[in-house]
file upload28.cif (mmCIF, C-alpha atoms and all ligand atoms; chains and numbers go by the auth columns)
data_target
#
loop_
_atom_site.group_PDB
_atom_site.id
_atom_site.type_symbol
_atom_site.label_atom_id
_atom_site.label_comp_id
_atom_site.label_asym_id
_atom_site.label_seq_id
_atom_site.Cartn_x
_atom_site.Cartn_y
_atom_site.Cartn_z
_atom_site.B_iso_or_equiv
_atom_site.auth_seq_id
_atom_site.auth_asym_id
ATOM 1 C CA MET A 1 0.000 0.000 0.000 0.00 76 A
ATOM 2 C CA PHE A 2 2.861 2.399 0.697 0.00 77 A
ATOM 3 C CA GLY A 3 4.725 1.845 -2.581 0.00 78 A
ATOM 4 C CA GLY A 4 2.594 4.155 -4.688 0.00 79 A
ATOM 5 C CA PHE A 5 2.311 6.730 -1.956 0.00 80 A
ATOM 6 C CA LEU A 6 6.046 6.983 -1.271 0.00 81 A
ATOM 7 C CA GLY A 7 7.111 6.392 -4.871 0.00 82 A
ATOM 8 C CA ALA A 8 5.578 9.475 -6.453 0.00 83 A
ATOM 9 C CA GLY A 9 5.265 13.195 -6.108 0.00 84 A
ATOM 10 C CA ILE A 10 6.726 15.452 -3.471 0.00 85 A
ATOM 11 C CA LEU A 11 7.587 12.686 -0.993 0.00 86 A
ATOM 12 C CA LYS A 12 9.559 10.794 -3.637 0.00 87 A
ATOM 13 C CA LYS A 13 11.491 13.955 -4.494 0.00 88 A
ATOM 14 C CA ALA A 14 12.137 14.642 -0.815 0.00 89 A
ATOM 15 C CA ALA A 15 13.465 11.116 -0.310 0.00 90 A
ATOM 16 C CA ASP A 16 15.667 11.369 -3.412 0.00 91 A
ATOM 17 C CA LYS A 17 17.149 14.591 -2.041 0.00 92 A
ATOM 18 C CA GLY A 18 17.794 12.926 1.314 0.00 93 A
ATOM 19 C CA LEU A 19 15.457 15.284 3.164 0.00 94 A
ATOM 20 C CA VAL A 20 13.333 12.451 4.515 0.00 95 A
ATOM 21 C CA ASP A 21 13.948 8.726 4.911 0.00 96 A
ATOM 22 C CA ILE A 22 10.674 6.824 5.222 0.00 97 A
ATOM 23 C CA ARG A 23 10.942 3.100 5.879 0.00 98 A
ATOM 24 C CA VAL A 24 8.154 0.555 5.993 0.00 99 A
ATOM 25 C CA HIS A 25 8.685 -2.478 8.208 0.00 100 A
ATOM 26 C CA ASP A 26 6.767 -5.721 7.959 0.00 101 A
ATOM 27 C CA LEU A 27 5.691 -6.963 11.398 0.00 102 A
ATOM 28 C CA ARG A 28 6.026 -10.504 10.115 0.00 103 A
ATOM 29 C CA GLU A 29 9.805 -10.087 10.089 0.00 104 A
ATOM 30 C CA GLN A 30 9.561 -10.036 13.884 0.00 105 A
ATOM 31 C CA ALA A 31 7.043 -12.833 14.186 0.00 106 A
ATOM 32 C CA GLU A 32 7.811 -16.310 15.436 0.00 107 A
ATOM 33 C CA GLY A 33 6.904 -19.805 14.375 0.00 108 A
ATOM 34 C CA LYS A 34 6.262 -21.479 11.075 0.00 109 A
ATOM 35 C CA HIS A 35 3.305 -19.206 10.380 0.00 110 A
ATOM 36 C CA ARG A 36 4.993 -15.938 11.395 0.00 111 A
ATOM 37 C CA GLN A 37 1.848 -15.078 13.298 0.00 112 A
ATOM 38 C CA VAL A 38 1.301 -11.383 14.167 0.00 113 A
ATOM 39 C CA ASP A 39 -2.336 -11.471 15.273 0.00 114 A
ATOM 40 C CA ASP A 40 -4.526 -13.706 17.375 0.00 115 A
ATOM 41 C CA ARG A 41 -8.098 -14.115 18.614 0.00 116 A
ATOM 42 C CA PRO A 42 -9.184 -11.785 21.414 0.00 117 A
ATOM 43 C CA PHE A 43 -9.133 -13.016 25.014 0.00 118 A
ATOM 44 C CA GLY A 44 -12.717 -13.085 26.249 0.00 119 A
ATOM 45 C CA GLY A 45 -14.005 -13.932 22.809 0.00 120 A
ATOM 46 C CA GLY A 46 -15.557 -11.794 20.139 0.00 121 A
ATOM 47 C CA GLU A 47 -15.093 -10.797 16.540 0.00 122 A
ATOM 48 C CA GLY A 48 -11.909 -10.187 14.650 0.00 123 A
ATOM 49 C CA MET A 49 -8.239 -10.500 15.351 0.00 124 A
ATOM 50 C CA VAL A 50 -5.936 -8.472 17.581 0.00 125 A
ATOM 51 C CA LEU A 51 -2.337 -7.571 16.747 0.00 126 A
ATOM 52 C CA MET A 52 -0.070 -9.310 19.261 0.00 127 A
ATOM 53 C CA PRO A 53 2.195 -7.105 21.386 0.00 128 A
ATOM 54 C CA GLY A 54 5.336 -9.187 20.784 0.00 129 A
ATOM 55 C CA PRO A 55 5.939 -8.540 17.092 0.00 130 A
ATOM 56 C CA VAL A 56 4.926 -4.871 17.461 0.00 131 A
ATOM 57 C CA CYS A 57 7.371 -4.308 20.362 0.00 132 A
ATOM 58 C CA LYS A 58 10.181 -6.175 18.629 0.00 133 A
ATOM 59 C CA ALA A 59 9.647 -4.212 15.427 0.00 134 A
ATOM 60 C CA VAL A 60 9.777 -0.911 17.301 0.00 135 A
ATOM 61 C CA GLU A 61 12.815 -1.935 19.356 0.00 136 A
ATOM 62 C CA ALA A 62 14.632 -3.050 16.199 0.00 137 A
ATOM 63 C CA VAL A 63 14.482 0.440 14.672 0.00 138 A
ATOM 64 C CA ARG A 64 14.226 2.861 17.616 0.00 139 A
ATOM 65 C CA GLU A 65 17.412 4.936 17.858 0.00 140 A
ATOM 66 C CA THR A 66 16.917 6.661 21.203 0.00 141 A
ATOM 67 C CA ALA A 67 14.460 6.882 24.082 0.00 142 A
ATOM 68 C CA GLU A 68 13.472 10.338 22.735 0.00 143 A
ATOM 69 C CA THR A 69 11.983 8.930 19.528 0.00 144 A
ATOM 70 C CA PRO A 70 8.217 9.501 19.543 0.00 145 A
ATOM 71 C CA VAL A 71 6.397 6.186 19.107 0.00 146 A
ATOM 72 C CA VAL A 72 2.986 6.998 17.671 0.00 147 A
ATOM 73 C CA LEU A 73 0.159 4.489 17.701 0.00 148 A
ATOM 74 C CA LEU A 74 -2.399 5.383 15.031 0.00 149 A
ATOM 75 C CA SER A 75 -5.847 4.408 16.206 0.00 150 A
ATOM 76 C CA PRO A 76 -9.401 5.788 16.107 0.00 151 A
ATOM 77 C CA LEU A 77 -9.199 6.003 19.920 0.00 152 A
ATOM 78 C CA GLY A 78 -6.308 8.445 19.897 0.00 153 A
ATOM 79 C CA ARG A 79 -6.024 12.187 20.419 0.00 154 A
ATOM 80 C CA MET A 80 -6.905 14.156 17.293 0.00 155 A
ATOM 81 C CA PHE A 81 -3.898 14.666 15.006 0.00 156 A
ATOM 82 C CA THR A 82 -3.077 18.366 14.686 0.00 157 A
ATOM 83 C CA VAL A 83 -0.761 20.659 12.760 0.00 158 A
ATOM 84 C CA ASP A 84 1.185 21.195 15.984 0.00 159 A
ATOM 85 C CA MET A 85 2.006 17.498 16.208 0.00 160 A
ATOM 86 C CA ALA A 86 3.042 17.531 12.534 0.00 161 A
ATOM 87 C CA GLN A 87 5.346 20.492 13.109 0.00 162 A
ATOM 88 C CA ALA A 88 6.873 19.006 16.264 0.00 163 A
ATOM 89 C CA TRP A 89 7.553 15.614 14.676 0.00 164 A
ATOM 90 C CA ALA A 90 9.103 17.260 11.617 0.00 165 A
ATOM 91 C CA GLY A 91 11.842 18.458 13.964 0.00 166 A
ATOM 92 C CA CYS A 92 12.565 14.967 15.325 0.00 167 A
ATOM 93 C CA ARG A 93 15.470 12.841 14.119 0.00 168 A
ATOM 94 C CA GLN A 94 13.166 9.840 14.053 0.00 169 A
ATOM 95 C CA VAL A 95 9.452 9.176 14.464 0.00 170 A
ATOM 96 C CA ILE A 96 7.995 5.677 14.617 0.00 171 A
ATOM 97 C CA LEU A 97 4.406 5.133 13.500 0.00 172 A
ATOM 98 C CA ILE A 98 2.642 1.939 14.490 0.00 173 A
ATOM 99 C CA CYS A 99 -0.029 1.062 11.988 0.00 174 A
ATOM 100 C CA GLY A 100 -3.129 -0.500 13.529 0.00 175 A
ATOM 101 C CA ARG A 101 -5.123 -3.192 11.766 0.00 176 A
ATOM 102 C CA TYR A 102 -7.961 -5.654 12.141 0.00 177 A
ATOM 103 C CA GLU A 103 -10.115 -5.137 15.211 0.00 178 A
ATOM 104 C CA GLY A 104 -7.265 -3.542 17.076 0.00 179 A
ATOM 105 C CA VAL A 105 -3.865 -3.704 18.655 0.00 180 A
ATOM 106 C CA ASP A 106 -3.245 -5.358 22.031 0.00 181 A
ATOM 107 C CA GLU A 107 -3.936 -2.680 24.664 0.00 182 A
ATOM 108 C CA ARG A 108 -0.464 -3.094 26.207 0.00 183 A
ATOM 109 C CA VAL A 109 1.105 -1.566 23.083 0.00 184 A
ATOM 110 C CA GLY A 110 -0.748 1.688 23.743 0.00 185 A
ATOM 111 C CA LEU A 111 -0.115 1.502 27.493 0.00 186 A
ATOM 112 C CA HIS A 112 3.565 0.607 27.615 0.00 187 A
ATOM 113 C CA LEU A 113 5.226 1.090 24.213 0.00 188 A
ATOM 114 C CA ALA A 114 3.622 3.991 22.367 0.00 189 A
ATOM 115 C CA THR A 115 4.369 7.483 23.642 0.00 190 A
ATOM 116 C CA VAL A 116 1.167 8.878 22.126 0.00 191 A
ATOM 117 C CA GLU A 117 -1.999 7.523 20.516 0.00 192 A
ATOM 118 C CA VAL A 118 -3.325 9.551 17.609 0.00 193 A
ATOM 119 C CA SER A 119 -6.446 9.492 15.408 0.00 194 A
ATOM 120 C CA ILE A 120 -6.922 11.350 12.133 0.00 195 A
ATOM 121 C CA GLY A 121 -10.660 11.850 12.562 0.00 196 A
ATOM 122 C CA ASP A 122 -13.945 10.602 13.944 0.00 197 A
ATOM 123 C CA TYR A 123 -14.537 7.761 11.518 0.00 198 A
ATOM 124 C CA VAL A 124 -13.191 4.231 11.294 0.00 199 A
ATOM 125 C CA LEU A 125 -10.954 2.963 8.509 0.00 200 A
ATOM 126 C CA THR A 126 -10.563 -0.710 7.619 0.00 201 A
ATOM 127 C CA GLY A 127 -6.867 -0.389 8.352 0.00 202 A
ATOM 128 C CA GLY A 128 -4.503 2.219 9.727 0.00 203 A
ATOM 129 C CA GLU A 129 -2.410 2.619 6.563 0.00 204 A
ATOM 130 C CA PRO A 130 -4.237 5.636 5.129 0.00 205 A
ATOM 131 C CA ALA A 131 -3.962 7.299 8.552 0.00 206 A
ATOM 132 C CA ASP A 132 -0.200 6.689 8.566 0.00 207 A
ATOM 133 C CA MET A 133 0.035 8.201 5.105 0.00 208 A
ATOM 134 C CA VAL A 134 -1.850 11.280 6.268 0.00 209 A
ATOM 135 C CA VAL A 135 0.547 11.724 9.192 0.00 210 A
ATOM 136 C CA ILE A 136 3.657 11.075 7.073 0.00 211 A
ATOM 137 C CA ASP A 137 2.545 13.605 4.478 0.00 212 A
ATOM 138 C CA ALA A 138 1.589 16.304 6.972 0.00 213 A
ATOM 139 C CA VAL A 139 4.881 15.887 8.876 0.00 214 A
ATOM 140 C CA ALA A 140 7.055 15.827 5.745 0.00 215 A
ATOM 141 C CA ARG A 141 5.640 19.164 4.593 0.00 216 A
ATOM 142 C CA PHE A 142 7.241 20.791 7.625 0.00 217 A
ATOM 143 C CA VAL A 143 10.702 19.386 6.919 0.00 218 A
ATOM 144 C CA PRO A 144 12.693 22.295 5.452 0.00 219 A
ATOM 145 C CA GLY A 145 13.153 21.936 1.685 0.00 220 A
ATOM 146 C CA VAL A 146 10.384 19.379 1.121 0.00 221 A
ATOM 147 C CA VAL A 147 7.857 21.956 -0.088 0.00 222 A
ATOM 148 C CA GLY A 148 9.341 24.274 -2.719 0.00 223 A
ATOM 149 C CA LYS A 149 8.849 27.581 -0.972 0.00 224 A
ATOM 150 C CA ALA A 150 9.076 27.753 2.823 0.00 225 A
ATOM 151 C CA GLY A 151 6.560 30.611 2.644 0.00 226 A
ATOM 152 C CA SER A 152 3.890 28.417 1.141 0.00 227 A
ATOM 153 C CA VAL A 153 4.001 26.105 4.175 0.00 228 A
ATOM 154 C CA ALA A 154 4.036 29.029 6.607 0.00 229 A
ATOM 155 C CA HIS A 155 0.861 30.478 5.045 0.00 230 A
ATOM 156 C CA ASP A 156 -1.075 27.292 4.443 0.00 231 A
ATOM 157 C CA SER A 157 -4.314 26.659 6.258 0.00 232 A
ATOM 158 C CA PHE A 158 -3.860 25.995 10.004 0.00 233 A
ATOM 159 C CA ALA A 159 -0.118 26.800 9.992 0.00 234 A
ATOM 160 C CA GLU A 160 -0.842 30.153 11.630 0.00 235 A
ATOM 161 C CA GLY A 161 -4.023 28.984 13.287 0.00 236 A
ATOM 162 C CA LEU A 162 -6.076 30.375 10.390 0.00 237 A
ATOM 163 C CA LEU A 163 -7.542 29.068 7.162 0.00 238 A
ATOM 164 C CA ASP A 164 -5.666 30.029 4.000 0.00 239 A
ATOM 165 C CA CYS A 165 -6.815 32.934 1.823 0.00 240 A
ATOM 166 C CA PRO A 166 -8.535 32.219 -1.533 0.00 241 A
ATOM 167 C CA HIS A 167 -6.382 31.701 -4.632 0.00 242 A
ATOM 168 C CA TYR A 168 -7.155 32.577 -8.259 0.00 243 A
ATOM 169 C CA THR A 169 -5.428 31.954 -11.579 0.00 244 A
ATOM 170 C CA ARG A 170 -6.245 32.471 -15.252 0.00 245 A
ATOM 171 C CA PRO A 171 -8.657 33.030 -16.860 0.00 246 A
ATOM 172 C CA ARG A 172 -9.617 36.439 -15.493 0.00 247 A
ATOM 173 C CA VAL A 173 -13.272 35.654 -16.131 0.00 248 A
ATOM 174 C CA PHE A 174 -14.448 32.042 -15.866 0.00 249 A
ATOM 175 C CA ARG A 175 -18.054 31.304 -16.835 0.00 250 A
ATOM 176 C CA GLY A 176 -19.008 34.828 -15.953 0.00 251 A
ATOM 177 C CA HIS A 177 -17.190 34.864 -12.608 0.00 252 A
ATOM 178 C CA GLY A 178 -14.377 37.355 -12.232 0.00 253 A
ATOM 179 C CA VAL A 179 -11.310 37.652 -10.035 0.00 254 A
ATOM 180 C CA PRO A 180 -11.141 40.140 -7.123 0.00 255 A
ATOM 181 C CA GLU A 181 -9.847 43.385 -8.594 0.00 256 A
ATOM 182 C CA VAL A 182 -7.169 43.865 -5.935 0.00 257 A
ATOM 183 C CA LEU A 183 -5.279 40.763 -7.151 0.00 258 A
ATOM 184 C CA LEU A 184 -4.851 42.390 -10.568 0.00 259 A
ATOM 185 C CA SER A 185 -3.728 45.733 -9.138 0.00 260 A
ATOM 186 C CA GLY A 186 -0.044 44.946 -8.794 0.00 261 A
ATOM 187 C CA ASP A 187 -0.081 46.710 -5.396 0.00 262 A
ATOM 188 C CA HIS A 188 1.653 44.090 -3.250 0.00 263 A
ATOM 189 C CA ALA A 189 1.040 45.757 0.100 0.00 264 A
ATOM 190 C CA ARG A 190 -2.672 46.022 -0.698 0.00 265 A
ATOM 191 C CA ILE A 191 -2.746 42.415 -1.882 0.00 266 A
ATOM 192 C CA GLU A 192 -1.104 41.209 1.336 0.00 267 A
ATOM 193 C CA ARG A 193 -3.642 43.120 3.454 0.00 268 A
ATOM 194 C CA TRP A 194 -6.512 41.711 1.385 0.00 269 A
ATOM 195 C CA ARG A 195 -5.183 38.164 1.761 0.00 270 A
ATOM 196 C CA ARG A 196 -4.841 38.485 5.524 0.00 271 A
ATOM 197 C CA ARG A 197 -8.343 39.918 5.771 0.00 272 A
ATOM 198 C CA GLN A 198 -9.744 37.094 3.619 0.00 273 A
ATOM 199 C CA ALA A 199 -7.981 34.477 5.756 0.00 274 A
ATOM 200 C CA LEU A 200 -9.486 36.010 8.881 0.00 275 A
ATOM 201 C CA ALA A 201 -12.955 36.346 7.295 0.00 276 A
ATOM 202 C CA LYS A 202 -12.907 32.754 6.026 0.00 277 A
ATOM 203 C CA THR A 203 -11.805 31.483 9.417 0.00 278 A
ATOM 204 C CA LEU A 204 -14.498 33.489 11.199 0.00 279 A
ATOM 205 C CA ALA A 205 -17.176 32.201 8.809 0.00 280 A
ATOM 206 C CA LEU A 206 -16.119 28.563 8.471 0.00 281 A
ATOM 207 C CA ARG A 207 -14.014 27.720 11.541 0.00 282 A
ATOM 208 C CA PRO A 208 -14.664 30.219 14.339 0.00 283 A
ATOM 209 C CA ASP A 209 -13.350 27.581 16.761 0.00 284 A
ATOM 210 C CA LEU A 210 -9.837 28.288 15.448 0.00 285 A
ATOM 211 C CA LEU A 211 -10.060 31.905 16.582 0.00 286 A
ATOM 212 C CA ILE A 212 -10.694 30.984 20.188 0.00 287 A
ATOM 213 C CA GLY A 213 -7.729 28.616 20.151 0.00 288 A
ATOM 214 C CA ASP A 214 -4.510 29.132 22.051 0.00 289 A
ATOM 215 C CA ARG A 215 -2.813 31.298 19.417 0.00 290 A
ATOM 216 C CA PRO A 216 -3.102 35.001 20.202 0.00 291 A
ATOM 217 C CA LEU A 217 -3.835 37.260 17.218 0.00 292 A
ATOM 218 C CA SER A 218 -1.716 40.304 16.441 0.00 293 A
ATOM 219 C CA ALA A 219 -3.110 43.782 17.124 0.00 294 A
ATOM 220 C CA GLU A 220 -3.587 44.325 13.367 0.00 295 A
ATOM 221 C CA ASP A 221 -5.469 41.048 13.047 0.00 296 A
ATOM 222 C CA ARG A 222 -7.777 41.988 15.906 0.00 297 A
ATOM 223 C CA VAL A 223 -8.571 45.292 14.188 0.00 298 A
ATOM 224 C CA LEU A 224 -9.275 43.505 10.890 0.00 299 A
ATOM 225 C CA LEU A 225 -11.434 40.956 12.686 0.00 300 A
ATOM 226 C CA ASP A 226 -13.494 43.668 14.384 0.00 301 A
ATOM 227 C CA GLU A 227 -14.067 45.305 10.975 0.00 302 A
ATOM 228 C CA ILE A 228 -15.164 41.969 9.511 0.00 303 A
ATOM 229 C CA ARG A 229 -17.541 41.323 12.417 0.00 304 A
ATOM 230 C CA LYS A 230 -19.063 44.806 12.046 0.00 305 A
ATOM 231 C CA GLU A 231 -19.576 44.316 8.304 0.00 306 A
ATOM 232 C CA ARG A 232 -21.234 40.978 8.939 0.00 307 A
ATOM 233 C CA LYS A 233 -23.672 42.547 11.397 0.00 308 A
ATOM 234 C CA GLU A 234 -24.518 45.342 8.959 0.00 309 A
ATOM 235 C CA SER A 235 -25.201 43.041 6.003 0.00 310 A
HETATM 236 CL CL1 LIG B . -5.359 5.425 12.847 0.00 401 B
HETATM 237 N N1 LIG B . -7.158 3.705 12.126 0.00 401 B
HETATM 238 C C1 LIG B . -8.375 3.340 11.785 0.00 401 B
HETATM 239 N N2 LIG B . -8.602 2.060 11.486 0.00 401 B
HETATM 240 N N3 LIG B . -9.397 4.178 11.738 0.00 401 B
HETATM 241 C C2 LIG B . -9.145 5.451 12.027 0.00 401 B
HETATM 242 C C3 LIG B . -7.891 5.910 12.392 0.00 401 B
HETATM 243 C C4 LIG B . -6.900 4.978 12.431 0.00 401 B
HETATM 244 N N4 LIG B . -7.976 7.231 12.639 0.00 401 B
HETATM 245 C C5 LIG B . -9.224 7.565 12.423 0.00 401 B
HETATM 246 N N5 LIG B . -9.952 6.504 12.072 0.00 401 B
#

call {"tool": "encode", "arguments": {"input": "upload28.cif", "output": "structure tokens"}}
result
Amino acid sequence: MFGGFLGAGILKKAADKGLVDIRVHDLREQAEGKHRQVDDRPFGGGEGMVLMPGPVCKAVEAVRETAETPVVLLSPLGRMFTVDMAQAWAGCRQVILICGRYEGVDERVGLHLATVEVSIGDYVLTGGEPADMVVIDAVARFVPGVVGKAGSVAHDSFAEGLLDCPHYTRPRVFRGHGVPEVLLSGDHARIERWRRRQALAKTLALRPDLLIGDRPLSAEDRVLLDEIRKERKES
């Protein structure tokens, strides 16, 4: 499942440049017995299979470089994955992701091996692989050099606790819909102000929860936000 994901696009380029080194490990390499068993039926009975703690622990211990390495268990029971986690892990020498499968992973993995349990959203996937890919991608974007322009990461949605501003390209009129005049003005200071205002207005309209988060707004942003709120009341 990871071949296509890691073998194309920006992550492939980043790996070729040596900016990231993403390795996939097969739990079966750590499994014992003729059948290289990695999962078993749940104690107490019930549906499905549970990943055994042995192969998971051995696989982690085989690759973990230091006690500081975050060991992340991806699971729908985890804390919600955020941009702050992505940014923090991008600064780590090594991050280990444990990919959940089947009905679950033996509880002792989460209790005694993983340093954090993380979910990518309130829905259940058939396997943890897509969740791992989401985390890998979001973390890699914060590794310097992976995304062409550092500025584009800094301004992307959530990076500053706000949604991104709208973007337009040619044609100037598409099916009767134009482009905001300011973007064609060539006045870069005005364009920057407009973009900031749009980011604030979009965030206020679509994700007001982000504005009451832990990131304080600048004085200028608070002024812009008050203007936007006033306009909204008037209209
Ligand atoms: Cl990490 N795994 C599965 N199976 N479902 C999920 C998830 C993970 N995160 C959200 N839903």

call {"tool": "resolve_selection", "arguments": {"input": "upload28.cif", "expression": "the PyMOL selection byres (((chain A and resi 153) around 7) and not hetatm)", "output": "PyMOL selection string"}}
result
chain A and resi 149-152+154-155+192-194

call {"tool": "resolve_selection", "arguments": {"input": "upload28.cif", "expression": "the PyMOL selection byres (((chain A and resi 132) around 12) and not hetatm)", "output": "PDB file with C-alpha atoms, in the coordinates of the input"}}
result
ATOM      1  CA  LEU A 102       5.691  -6.963  11.398  1.00  0.00           C
ATOM      2  CA  GLN A 105       9.561 -10.036  13.884  1.00  0.00           C
ATOM      3  CA  ALA A 106       7.043 -12.833  14.186  1.00  0.00           C
ATOM      4  CA  VAL A 113       1.301 -11.383  14.167  1.00  0.00           C
ATOM      5  CA  LEU A 126      -2.337  -7.571  16.747  1.00  0.00           C
ATOM      6  CA  MET A 127      -0.070  -9.310  19.261  1.00  0.00           C
ATOM      7  CA  PRO A 128       2.195  -7.105  21.386  1.00  0.00           C
ATOM      8  CA  GLY A 129       5.336  -9.187  20.784  1.00  0.00           C
ATOM      9  CA  PRO A 130       5.939  -8.540  17.092  1.00  0.00           C
ATOM     10  CA  VAL A 131       4.926  -4.871  17.461  1.00  0.00           C
ATOM     11  CA  LYS A 133      10.181  -6.175  18.629  1.00  0.00           C
ATOM     12  CA  ALA A 134       9.647  -4.212  15.427  1.00  0.00           C
ATOM     13  CA  VAL A 135       9.777  -0.911  17.301  1.00  0.00           C
ATOM     14  CA  GLU A 136      12.815  -1.935  19.356  1.00  0.00           C
ATOM     15  CA  ALA A 137      14.632  -3.050  16.199  1.00  0.00           C
ATOM     16  CA  VAL A 138      14.482   0.440  14.672  1.00  0.00           C
ATOM     17  CA  ARG A 139      14.226   2.861  17.616  1.00  0.00           C
ATOM     18  CA  VAL A 146       6.397   6.186  19.107  1.00  0.00           C
ATOM     19  CA  LEU A 148       0.159   4.489  17.701  1.00  0.00           C
ATOM     20  CA  ILE A 171       7.995   5.677  14.617  1.00  0.00           C
ATOM     21  CA  ILE A 173       2.642   1.939  14.490  1.00  0.00           C
ATOM     22  CA  VAL A 180      -3.865  -3.704  18.655  1.00  0.00           C
ATOM     23  CA  ASP A 181      -3.245  -5.358  22.031  1.00  0.00           C
ATOM     24  CA  ARG A 183      -0.464  -3.094  26.207  1.00  0.00           C
ATOM     25  CA  VAL A 184       1.105  -1.566  23.083  1.00  0.00           C
ATOM     26  CA  GLY A 185      -0.748   1.688  23.743  1.00  0.00           C
ATOM     27  CA  LEU A 186      -0.115   1.502  27.493  1.00  0.00           C
ATOM     28  CA  HIS A 187       3.565   0.607  27.615  1.00  0.00           C
ATOM     29  CA  LEU A 188       5.226   1.090  24.213  1.00  0.00           C
ATOM     30  CA  ALA A 189       3.622   3.991  22.367  1.00  0.00           C
TER      31      ALA A 189
END

call {"tool": "resolve_selection", "arguments": {"input": "upload28.cif", "expression": "the PyMOL selection byres (((not hetatm)) within 7 of (chain B and resi 401))", "output": "MDAnalysis selection string"}}
result
chainID A and resid 149:151 174:176 193:203 206:207

call {"tool": "atom_distance", "arguments": {"input": "upload28.cif", "atom1": "CA of Tyr243 in chain A", "atom2": "CA of Gly84 in chain A"}}
result
23.1 Å

call {"tool": "axis_aligned_box", "arguments": {"input": "upload28.cif", "around": "range 87-105 of chain A", "padding_each_side": "3 Å", "output": "lines of an AutoDock Vina configuration file"}}
result
center_x = 11.7
center_y = 2.4
center_z = 4.7
size_x = 18.1
size_y = 31.8
size_z = 24.4

call {"tool": "residues_around", "arguments": {"input": "upload28.cif", "residues": "range 272-274 of chain A", "least_positions_apart": "3", "cutoff": "7 Å", "atoms": "only C-alpha atoms", "output": "list in words"}}
result
Leu237, Leu238, Asp239, Cys240, Arg268, Trp269, Lys277, Thr278 and Leu299 of chain A

call {"tool": "atom_distance", "arguments": {"input": "upload28.cif", "atom1": "CA of Lys92 in chain A", "atom2": "CA of Val158 in chain A"}}
result
24.0 Å

call {"tool": "atom_distance", "arguments": {"input": "upload28.cif", "atom1": "CA of Met160 in chain A", "atom2": "CA of Met76 in chain A"}}
result
23.9 Å

call {"tool": "residues_around", "arguments": {"input": "upload28.cif", "residues": "Ile211 in chain A", "least_positions_apart": "2", "cutoff": "10 Å", "atoms": "all atoms listed in the file", "output": "PyMOL selection string"}}
result
chain A and resi 81+86+97+161+164-165+170+172+205-209+213-216

call {"tool": "residues_around", "arguments": {"input": "upload28.cif", "residues": "Cys167 in chain A", "least_positions_apart": "3", "cutoff": "10 Å", "atoms": "all atoms listed in the file", "output": "list in words"}}
result
Glu143, Thr144, Pro145, Gln162, Ala163, Trp164, Val170 and Val218 of chain A

call {"tool": "write_last_selection", "arguments": {"input": "upload28.cif", "atoms": "C-alpha atoms", "output": "mmCIF file, in the frame of the given file"}}
result
data_model
loop_
_atom_site.group_PDB
_atom_site.id
_atom_site.type_symbol
_atom_site.label_atom_id
_atom_site.label_comp_id
_atom_site.auth_asym_id
_atom_site.auth_seq_id
_atom_site.Cartn_x
_atom_site.Cartn_y
_atom_site.Cartn_z
ATOM 1 C CA GLU A 143 13.472 10.338 22.735
ATOM 2 C CA THR A 144 11.983 8.930 19.528
ATOM 3 C CA PRO A 145 8.217 9.501 19.543
ATOM 4 C CA GLN A 162 5.346 20.492 13.109
ATOM 5 C CA ALA A 163 6.873 19.006 16.264
ATOM 6 C CA TRP A 164 7.553 15.614 14.676
ATOM 7 C CA VAL A 170 9.452 9.176 14.464
ATOM 8 C CA VAL A 218 10.702 19.386 6.919
#

call {"tool": "closest_residue", "arguments": {"input": "upload28.cif", "among": "A:Ala276, A:Val95, A:Gly78, A:Pro283", "to": "Glu306 in chain A", "atoms": "all atoms listed in the file"}}
result
A:Ala276

call {"tool": "residues_near_point", "arguments": {"input": "upload28.cif", "point": "(-13.5, -7.3, 20.9)", "cutoff": "12 Å", "atoms": "all atoms listed in the file", "output": "ChimeraX atom specification"}}
result
/A:115-126,177-182

call {"tool": "build_atoms", "arguments": {"input": "upload28.cif", "residues": "range 100-108 of chain A", "atoms": "N, CA and C atoms", "output": "CSV table (one decimal), in the frame of the given file"}}
result
chain,number,residue,atom,x,y,z
A,100,HIS,N,8.2,-1.2,7.6
A,100,HIS,CA,8.7,-2.5,8.2
A,100,HIS,C,7.5,-3.5,8.3
A,101,ASP,N,7.8,-4.7,7.9
A,101,ASP,CA,6.8,-5.7,8.0
A,101,ASP,C,6.8,-6.4,9.3
A,102,LEU,N,5.7,-6.3,10.1
A,102,LEU,CA,5.7,-7.0,11.4
A,102,LEU,C,6.0,-8.5,11.3
A,103,ARG,N,5.8,-9.1,10.2
A,103,ARG,CA,6.0,-10.5,10.1
A,103,ARG,C,7.5,-10.8,10.2
A,104,GLU,N,8.4,-9.9,9.9
A,104,GLU,CA,9.8,-10.1,10.1
A,104,GLU,C,10.2,-10.3,11.6
A,105,GLN,N,9.3,-9.9,12.5
A,105,GLN,CA,9.6,-10.0,13.9
A,105,GLN,C,8.7,-11.2,14.5
A,106,ALA,N,8.0,-11.8,13.7
A,106,ALA,CA,7.0,-12.8,14.2
A,106,ALA,C,7.7,-14.2,14.3
A,107,GLU,N,7.2,-15.0,15.2
A,107,GLU,CA,7.8,-16.3,15.4
A,107,GLU,C,7.0,-17.4,14.9
A,108,GLY,N,7.6,-18.6,14.8
A,108,GLY,CA,6.9,-19.8,14.4
A,108,GLY,C,6.8,-20.0,12.9
